[in-house]
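Source file target-v6.cif; content: mmCIF, C-alpha atoms.
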data_coords
loop_
_atom_site.label_atom_id
_atom_site.label_comp_id
_atom_site.auth_asym_id
_atom_site.auth_seq_id
_atom_site.Cartn_x
_atom_site.Cartn_y
_atom_site.Cartn_z
CA GLY A 1 -64.32 -0.58 15.31
CA ARG A 2 -62.42 2.70 15.03
CA ALA A 3 -64.47 5.85 15.55
CA THR A 4 -65.44 7.67 12.40
CA GLY A 5 -63.17 10.61 11.69
CA SER A 6 -60.25 9.43 13.82
CA PRO A 7 -56.87 10.16 12.21
CA ALA A 8 -55.29 7.39 10.18
CA PRO A 9 -52.24 5.78 11.79
CA THR A 10 -48.97 7.38 10.80
CA PRO A 11 -47.22 5.14 8.26
CA VAL A 12 -43.93 3.65 9.43
CA PRO A 13 -41.08 5.05 7.31
CA ALA A 14 -39.16 2.52 5.29
CA VAL A 15 -35.79 1.61 6.75
CA ALA A 16 -33.06 3.17 4.65
CA ALA A 17 -30.64 0.77 3.07
CA PRO A 18 -27.15 0.91 4.54
CA SER A 19 -24.97 3.34 2.66
CA ALA A 20 -22.52 1.71 0.33
CA LEU A 21 -18.94 1.43 1.41
CA PRO A 22 -16.68 4.01 -0.26
CA ALA A 23 -14.93 2.86 -3.37
CA ALA A 24 -11.44 1.53 -2.85
CA SER A 25 -9.98 4.48 -4.71
CA GLU A 26 -11.56 7.06 -2.40
CA THR A 27 -9.51 8.81 0.23
CA PRO A 28 -10.04 7.08 3.59
CA GLU A 29 -11.52 8.89 6.52
CA GLY A 30 -8.87 10.78 8.41
CA THR A 31 -6.52 11.46 5.50
CA ASP A 32 -5.56 15.02 4.71
CA ALA A 33 -5.97 15.23 0.98
CA PRO A 34 -6.97 13.32 -2.12
CA VAL A 35 -4.34 10.87 -3.21
CA ASP A 36 -3.48 12.68 -6.42
CA SER A 37 -2.71 15.90 -4.55
CA VAL A 38 0.24 14.43 -2.69
CA ALA A 39 2.13 13.26 -5.76
CA PRO A 40 5.24 15.41 -6.19
CA GLU A 41 5.37 18.03 -8.90
CA GLY A 42 6.57 16.52 -12.13
CA SER A 43 5.26 13.10 -11.16
CA ASP A 44 4.54 10.64 -13.94
CA LEU A 45 1.56 9.19 -12.09
CA ALA A 46 -0.85 8.95 -14.99
CA PRO A 47 -4.60 8.42 -14.85
CA GLU A 48 -5.27 4.73 -14.73
CA THR A 49 -7.75 2.65 -16.62
CA SER A 50 -10.61 1.64 -14.38
CA HIS A 51 -11.02 -2.05 -13.74
CA SER A 52 -14.12 -3.75 -12.48
CA ALA A 53 -13.70 -5.37 -9.09
CA PRO A 54 -13.60 -9.17 -9.02
CA ALA A 55 -16.91 -10.81 -8.26
CA GLY A 56 -17.47 -10.95 -4.53
CA ALA A 57 -14.64 -8.53 -3.72
CA ALA A 58 -17.00 -5.93 -2.26
CA SER A 59 -18.42 -8.46 0.19
CA THR A 60 -15.03 -9.56 1.55
CA PRO A 61 -15.18 -8.80 5.28
CA LEU A 62 -12.40 -6.67 6.70
CA PRO A 63 -10.46 -7.93 9.72
CA ALA A 64 -11.47 -6.59 13.12
CA GLU A 65 -10.09 -3.07 13.54
CA ALA A 66 -7.90 -3.96 16.53
CA ASP A 67 -6.50 -7.06 14.80
CA LEU A 68 -5.75 -5.14 11.62
CA ARG A 69 -4.05 -2.34 13.53
CA ALA A 70 -1.86 -4.77 15.49
CA CYS A 71 -0.90 -6.60 12.30
CA VAL A 72 0.07 -3.46 10.35
CA GLU A 73 1.95 -1.92 13.26
CA ASP A 74 4.00 -5.13 13.55
CA PHE A 75 5.74 -4.18 10.29
CA PHE A 76 7.08 -0.91 11.71
CA PRO A 77 9.52 0.00 14.48
CA GLN A 78 8.04 0.30 17.95
CA GLY A 79 6.81 3.82 18.65
CA THR A 80 5.91 4.56 15.02
CA PHE A 81 2.21 4.93 15.82
CA VAL A 82 1.91 7.12 18.90
CA ARG A 83 -1.69 7.81 17.91
CA LYS A 84 -4.18 5.20 16.69
CA VAL A 85 -4.97 5.53 13.00
CA PRO A 86 -7.17 3.43 10.67
CA PHE A 87 -5.69 0.99 8.17
CA ASP A 88 -8.82 -0.40 6.50
CA TYR A 89 -7.92 1.28 3.18
CA VAL A 90 -4.86 -0.99 2.87
CA CYS A 91 -7.17 -3.99 2.58
CA ALA A 92 -9.88 -2.24 0.57
CA ASN A 93 -7.61 -0.68 -2.07
CA ASP A 94 -6.15 -3.01 -4.71
CA ASN A 95 -4.03 -0.21 -6.20
CA PRO A 96 -0.73 -0.25 -4.25
CA ARG A 97 0.23 3.18 -5.62
CA LYS A 98 -2.70 4.80 -3.84
CA ALA A 99 -2.47 2.57 -0.77
CA ALA A 100 1.19 3.60 -0.37
CA VAL A 101 0.29 7.30 -0.38
CA MET A 102 -2.50 6.69 2.13
CA LEU A 103 -0.19 4.67 4.37
CA HIS A 104 2.36 7.50 4.30
CA GLN A 105 -0.34 9.94 5.39
CA GLN A 106 -1.25 7.69 8.31
CA LEU A 107 2.40 7.31 9.31
CA VAL A 108 2.53 11.09 9.66
CA LYS A 109 -0.74 11.20 11.61
CA GLY A 110 0.36 8.30 13.79
CA GLY A 111 3.50 10.20 14.75
CA ALA A 112 1.33 12.79 16.52
CA GLY A 113 3.54 15.68 15.48
CA GLY A 114 6.87 13.92 15.95
CA VAL A 115 9.26 12.36 13.45
CA THR A 116 9.27 8.65 14.21
CA GLU A 117 11.72 5.97 13.17
CA GLY A 118 9.01 4.48 10.97
CA MET A 119 8.60 7.79 9.14
CA ARG A 120 12.35 8.03 8.53
CA MET A 121 12.42 4.49 7.18
CA TRP A 122 9.45 5.10 4.88
CA SER A 123 10.99 8.29 3.49
CA SER A 124 13.83 6.26 1.95
CA LEU A 125 11.85 3.37 0.45
CA SER A 126 10.69 5.05 -2.78
CA TRP A 127 9.69 2.26 -5.22
CA TYR A 128 9.86 -0.31 -2.43
CA GLU A 129 6.76 1.24 -0.85
CA LEU A 130 4.78 -0.88 -3.31
CA VAL A 131 6.36 -4.07 -1.99
CA VAL A 132 5.74 -3.11 1.64
CA VAL A 133 2.07 -2.46 0.87
CA SER A 134 1.84 -5.88 -0.77
CA MET A 135 3.50 -7.56 2.23
CA ILE A 136 1.09 -5.90 4.64
CA ARG A 137 -1.95 -6.88 2.56
CA ASP A 138 -0.76 -10.49 2.29
CA ALA A 139 -0.31 -10.74 6.06
CA CYS A 140 -3.14 -8.59 7.37
CA CYS A 141 -5.95 -8.72 4.79
CA PRO A 142 -7.12 -12.31 4.26
CA GLY A 143 -9.37 -12.55 1.23
CA ALA A 144 -8.37 -9.15 -0.17
CA SER A 145 -8.60 -8.75 -3.93
CA PRO A 146 -5.35 -9.14 -5.91
CA LEU A 147 -3.26 -6.06 -6.60
CA ASP A 148 -4.00 -4.24 -9.83
CA LEU A 149 -1.31 -2.39 -11.81
CA PRO A 150 -0.88 -1.57 -15.50
CA GLU A 151 1.11 -4.04 -17.58
CA PRO A 152 4.47 -2.57 -18.66
CA GLY A 153 4.67 -4.72 -21.80
CA GLU A 154 7.54 -6.82 -23.09
CA PRO A 155 10.33 -7.34 -22.37
CA CYS A 156 9.58 -6.23 -18.80
CA ALA A 157 7.81 -8.59 -16.42
CA PRO A 158 4.39 -7.53 -15.07
CA MET A 159 4.95 -5.40 -11.97
CA VAL A 160 2.20 -7.23 -10.08
CA ASP A 161 4.05 -10.52 -10.56
CA VAL A 162 7.40 -9.08 -9.49
CA ILE A 163 5.91 -7.39 -6.43
CA GLY A 164 4.26 -10.69 -5.50
CA LYS A 165 7.59 -12.53 -5.65
CA VAL A 166 9.52 -9.88 -3.73
CA SER A 167 6.78 -9.71 -1.08
CA ARG A 168 7.54 -13.27 0.03
CA GLY A 169 10.82 -14.72 1.20
CA GLY A 170 13.36 -14.81 3.97
CA CYS A 171 14.71 -11.82 5.87
CA THR A 172 18.34 -12.80 6.36
CA GLN A 173 20.94 -10.41 4.98
CA GLU A 174 21.41 -12.56 1.89
CA ALA A 175 17.69 -13.13 1.30
CA ALA A 176 16.90 -9.44 1.81
CA ARG A 177 19.50 -8.45 -0.76
CA GLU A 178 18.18 -10.96 -3.30
CA ARG A 179 14.64 -9.68 -2.88
CA ALA A 180 15.72 -6.06 -3.15
CA MET A 181 17.80 -6.71 -6.27
CA LEU A 182 14.99 -8.59 -7.99
CA PHE A 183 12.70 -5.60 -7.66
CA GLU A 184 15.42 -3.13 -8.61
CA GLU A 185 16.03 -5.03 -11.86
CA SER A 186 12.32 -4.83 -12.67
CA VAL A 187 12.33 -1.05 -12.22
CA ARG A 188 15.49 -0.71 -14.32
CA CYS A 189 13.74 -2.58 -17.13
CA LEU A 190 11.05 0.10 -17.29
CA TYR A 191 13.68 2.76 -17.94
CA ALA A 192 16.04 0.71 -20.12
CA HIS A 193 13.24 -0.17 -22.54
CA GLU A 194 11.28 3.08 -22.17
CA ARG A 195 8.17 1.34 -20.92
CA PRO A 196 5.25 3.32 -19.42
CA ARG A 197 5.88 4.36 -15.83
CA PRO A 198 2.58 5.54 -14.27
CA TYR A 199 4.24 5.93 -10.88
CA ARG A 200 5.16 8.93 -8.75
CA TYR A 201 8.73 7.73 -8.14
CA GLN A 202 11.50 9.54 -9.98
CA GLY A 203 14.34 7.59 -11.57
CA VAL A 204 15.66 4.09 -11.01
CA VAL A 205 16.21 2.60 -7.57
CA ARG A 206 19.07 4.31 -5.72
CA PRO A 207 21.54 2.43 -3.49
CA HIS A 208 20.26 4.08 -0.30
CA GLN A 209 16.69 3.08 -1.21
CA ARG A 210 17.69 -0.53 -1.76
CA MET A 211 19.56 -0.51 1.55
CA ALA A 212 16.51 0.96 3.32
CA PHE A 213 14.35 -1.90 2.05
CA GLU A 214 16.95 -4.50 3.02
CA ASP A 215 17.08 -2.97 6.51
CA PHE A 216 13.27 -3.00 6.67
CA LEU A 217 13.22 -6.73 5.90
CA GLN A 218 15.98 -7.63 8.35
CA ARG A 219 14.19 -5.85 11.20
CA LEU A 220 10.89 -7.65 10.72
CA PRO A 221 9.67 -10.14 13.35
CA PRO A 222 10.43 -13.74 12.27
CA ALA A 223 6.70 -14.41 11.82
CA ARG A 224 6.65 -11.86 8.98
CA CYS A 225 9.35 -13.68 7.01
CA THR A 226 8.80 -16.80 4.92
CA PRO A 227 12.07 -18.61 4.15
#

How does this structure look as structure tokens?
Amino acid sequence: GRATGSPAPTPVPAVAAPSALPAASETPEGTDAPVDSVAPEGSDLAPETSHSAPAGAASTPLPAEADLRACVEDFFPQGTFVRKVPFDYVCANDNPRKAAVMLHQQLVKGGAGGVTEGMRMWSSLSWYELVVVSMIRDACCPGASPLDLPEPGEPCAPMVDVIGKVSRGGCTQEAARERAMLFEESVRCLYAHERPRPYRYQGVVRPHQRMAFEDFLQRLPPARCTP
């Protein structure tokens, strides 16, 4: 038996539970500022109503980092990402407004101090940023939760539905124009019928923005287009 007076064995500390993953709305590691701080002055990006995540969404595994990076980079011109940057927030965030701001921040970081072709392209997309985010999530984030945006109300179609339609389709000149026009009409409806616009984009779609999106589609690899 143990000698009388010997010290009691030191208790083994309980293993701490793994820290919870950050909420989808939090700024991802490596970004410069909270999402709201990068909205331009005068933006009509309004506070959004919180929605509970779908059951099981938190447990959806993210793709391997290297696979996710290769997939996202495939949507941009070669040389856009001189420096490796994370893209996990694109899959984790079901709010395309915030994911678009985060993606812009990573485009700047990925340029490593230079102005890349991808940055120039992104600077002209405006409203179409939301569609590009949706396209990337569809292709690169299997099992990701559906996008979540406020309903505009009649007579305008739900933005989530329109973005979903525009996110899929061919990339020929004709198909690209049809997709771009479909989304432009949806944005025009918000203004024509004075529906709520909790977005940071100012005004309806401009011709150069529509052309930038059409060019984006026509430059995609064939595997990223679904006729």

### Message
When you count all atoms listed in the file, which of these residues is closest to Thr80 (chain A): A:Arg168, A:Arg200, A:Arg195, A:Lys109?
### Response
A:Lys109

### Query
Excluding same-chain residues fewer than 3 positions from Cys91 (chain A), what lies within 6 Å of it counting all atoms listed in the file, as a list in words?
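Neighbouring residues, sequence-local ones excluded: Asp88, Arg137, Cys141 and Ala144 of chain A.
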
### Query
Given the file above and the PyMOL selection byres ((chain A and resi 130) around 8), which residues are selected, and can you give them as JSON, numbers by chain?
{"A": [96, 97, 100, 127, 128, 129, 131, 132, 133, 134, 163]}

### Task
Between A:Gly143, A:Gly110, A:Pro198, A:Gly164, single out the one closest to Phe76 (chain A), counting all atoms listed in the file.
A:Gly110

### Task
Expand the PyMOL selection byres ((chain A and resi 112) around 12) into the individual residues it matches in the shown file, reporting them as a list of chain:residue names.
A:Gly79, A:Thr80, A:Phe81, A:Val82, A:Arg83, A:Lys84, A:Val85, A:Gln105, A:Gln106, A:Leu107, A:Val108, A:Lys109, A:Gly110, A:Gly111, A:Gly113, A:Gly114, A:Val115, A:Thr116, A:Met119

Write a file of the selected residues as a CSV table (one decimal), keeping the file's coordinate frame, keeping C-alpha atoms.
chain,number,residue,atom,x,y,z
A,79,GLY,CA,6.8,3.8,18.6
A,80,THR,CA,5.9,4.6,15.0
A,81,PHE,CA,2.2,4.9,15.8
A,82,VAL,CA,1.9,7.1,18.9
A,83,ARG,CA,-1.7,7.8,17.9
A,84,LYS,CA,-4.2,5.2,16.7
A,85,VAL,CA,-5.0,5.5,13.0
A,105,GLN,CA,-0.3,9.9,5.4
A,106,GLN,CA,-1.2,7.7,8.3
A,107,LEU,CA,2.4,7.3,9.3
A,108,VAL,CA,2.5,11.1,9.7
A,109,LYS,CA,-0.7,11.2,11.6
A,110,GLY,CA,0.4,8.3,13.8
A,111,GLY,CA,3.5,10.2,14.8
A,113,GLY,CA,3.5,15.7,15.5
A,114,GLY,CA,6.9,13.9,16.0
A,115,VAL,CA,9.3,12.4,13.4
A,116,THR,CA,9.3,8.6,14.2
A,119,MET,CA,8.6,7.8,9.1

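Applied to this file, the PyMOL selection byres ((chain A and resi 154) around 10) selects Glu151, Pro152, Gly153, Pro155, Cys156, Ala157, Pro158, Cys189, Leu190, His193 and Arg195 of chain A.
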
### Query
CA of Pro86 (chain A) to CA of Ala139 (chain A): how many Å, to one decimal?
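Between CA of Pro86 (chain A) and CA of Ala139 (chain A) the gap works out to 16.4 Å.
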
### Task
Can you work out which one of A:Asn93, A:Ala212, A:Gln218, A:Met159 has the shortest atom-to-atom distance to Ser145 (chain A), counting all atoms listed in the file?
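Residue with the minimum atom-to-atom distance to Ser145 (chain A): A:Asn93.
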
### Query
Nearest to Val72 (chain A) among A:Asp94, A:Asp161, A:Asp138, A:Glu174, with distances taken over all atoms listed in the file: which residue is it?
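Closest to Val72 (chain A), using all atoms listed in the file: A:Asp138.
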
### Summary
From CA of Thr226 (chain A) to CA of Gly170 (chain A) the spacing works out at 5.1 Å

### Given all atoms listed in the file as the counted atoms, nearest of A:Ser186, A:Ala223, A:Cys140, A:Ser123 to Ala92 (chain A)
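Among the listed residues, the smallest separation from Ala92 (chain A) belongs to A:Cys140.
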
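Using all atoms listed in the file for every distance, the candidate list A:Phe183, A:Met102, A:Phe216, A:Arg177 yields A:Phe216 as the residue closest to Glu117 (chain A).
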
### Query
Quick one, how far is CA of Phe213 (chain A) from CA of Glu185 (chain A)?
14.4 Å
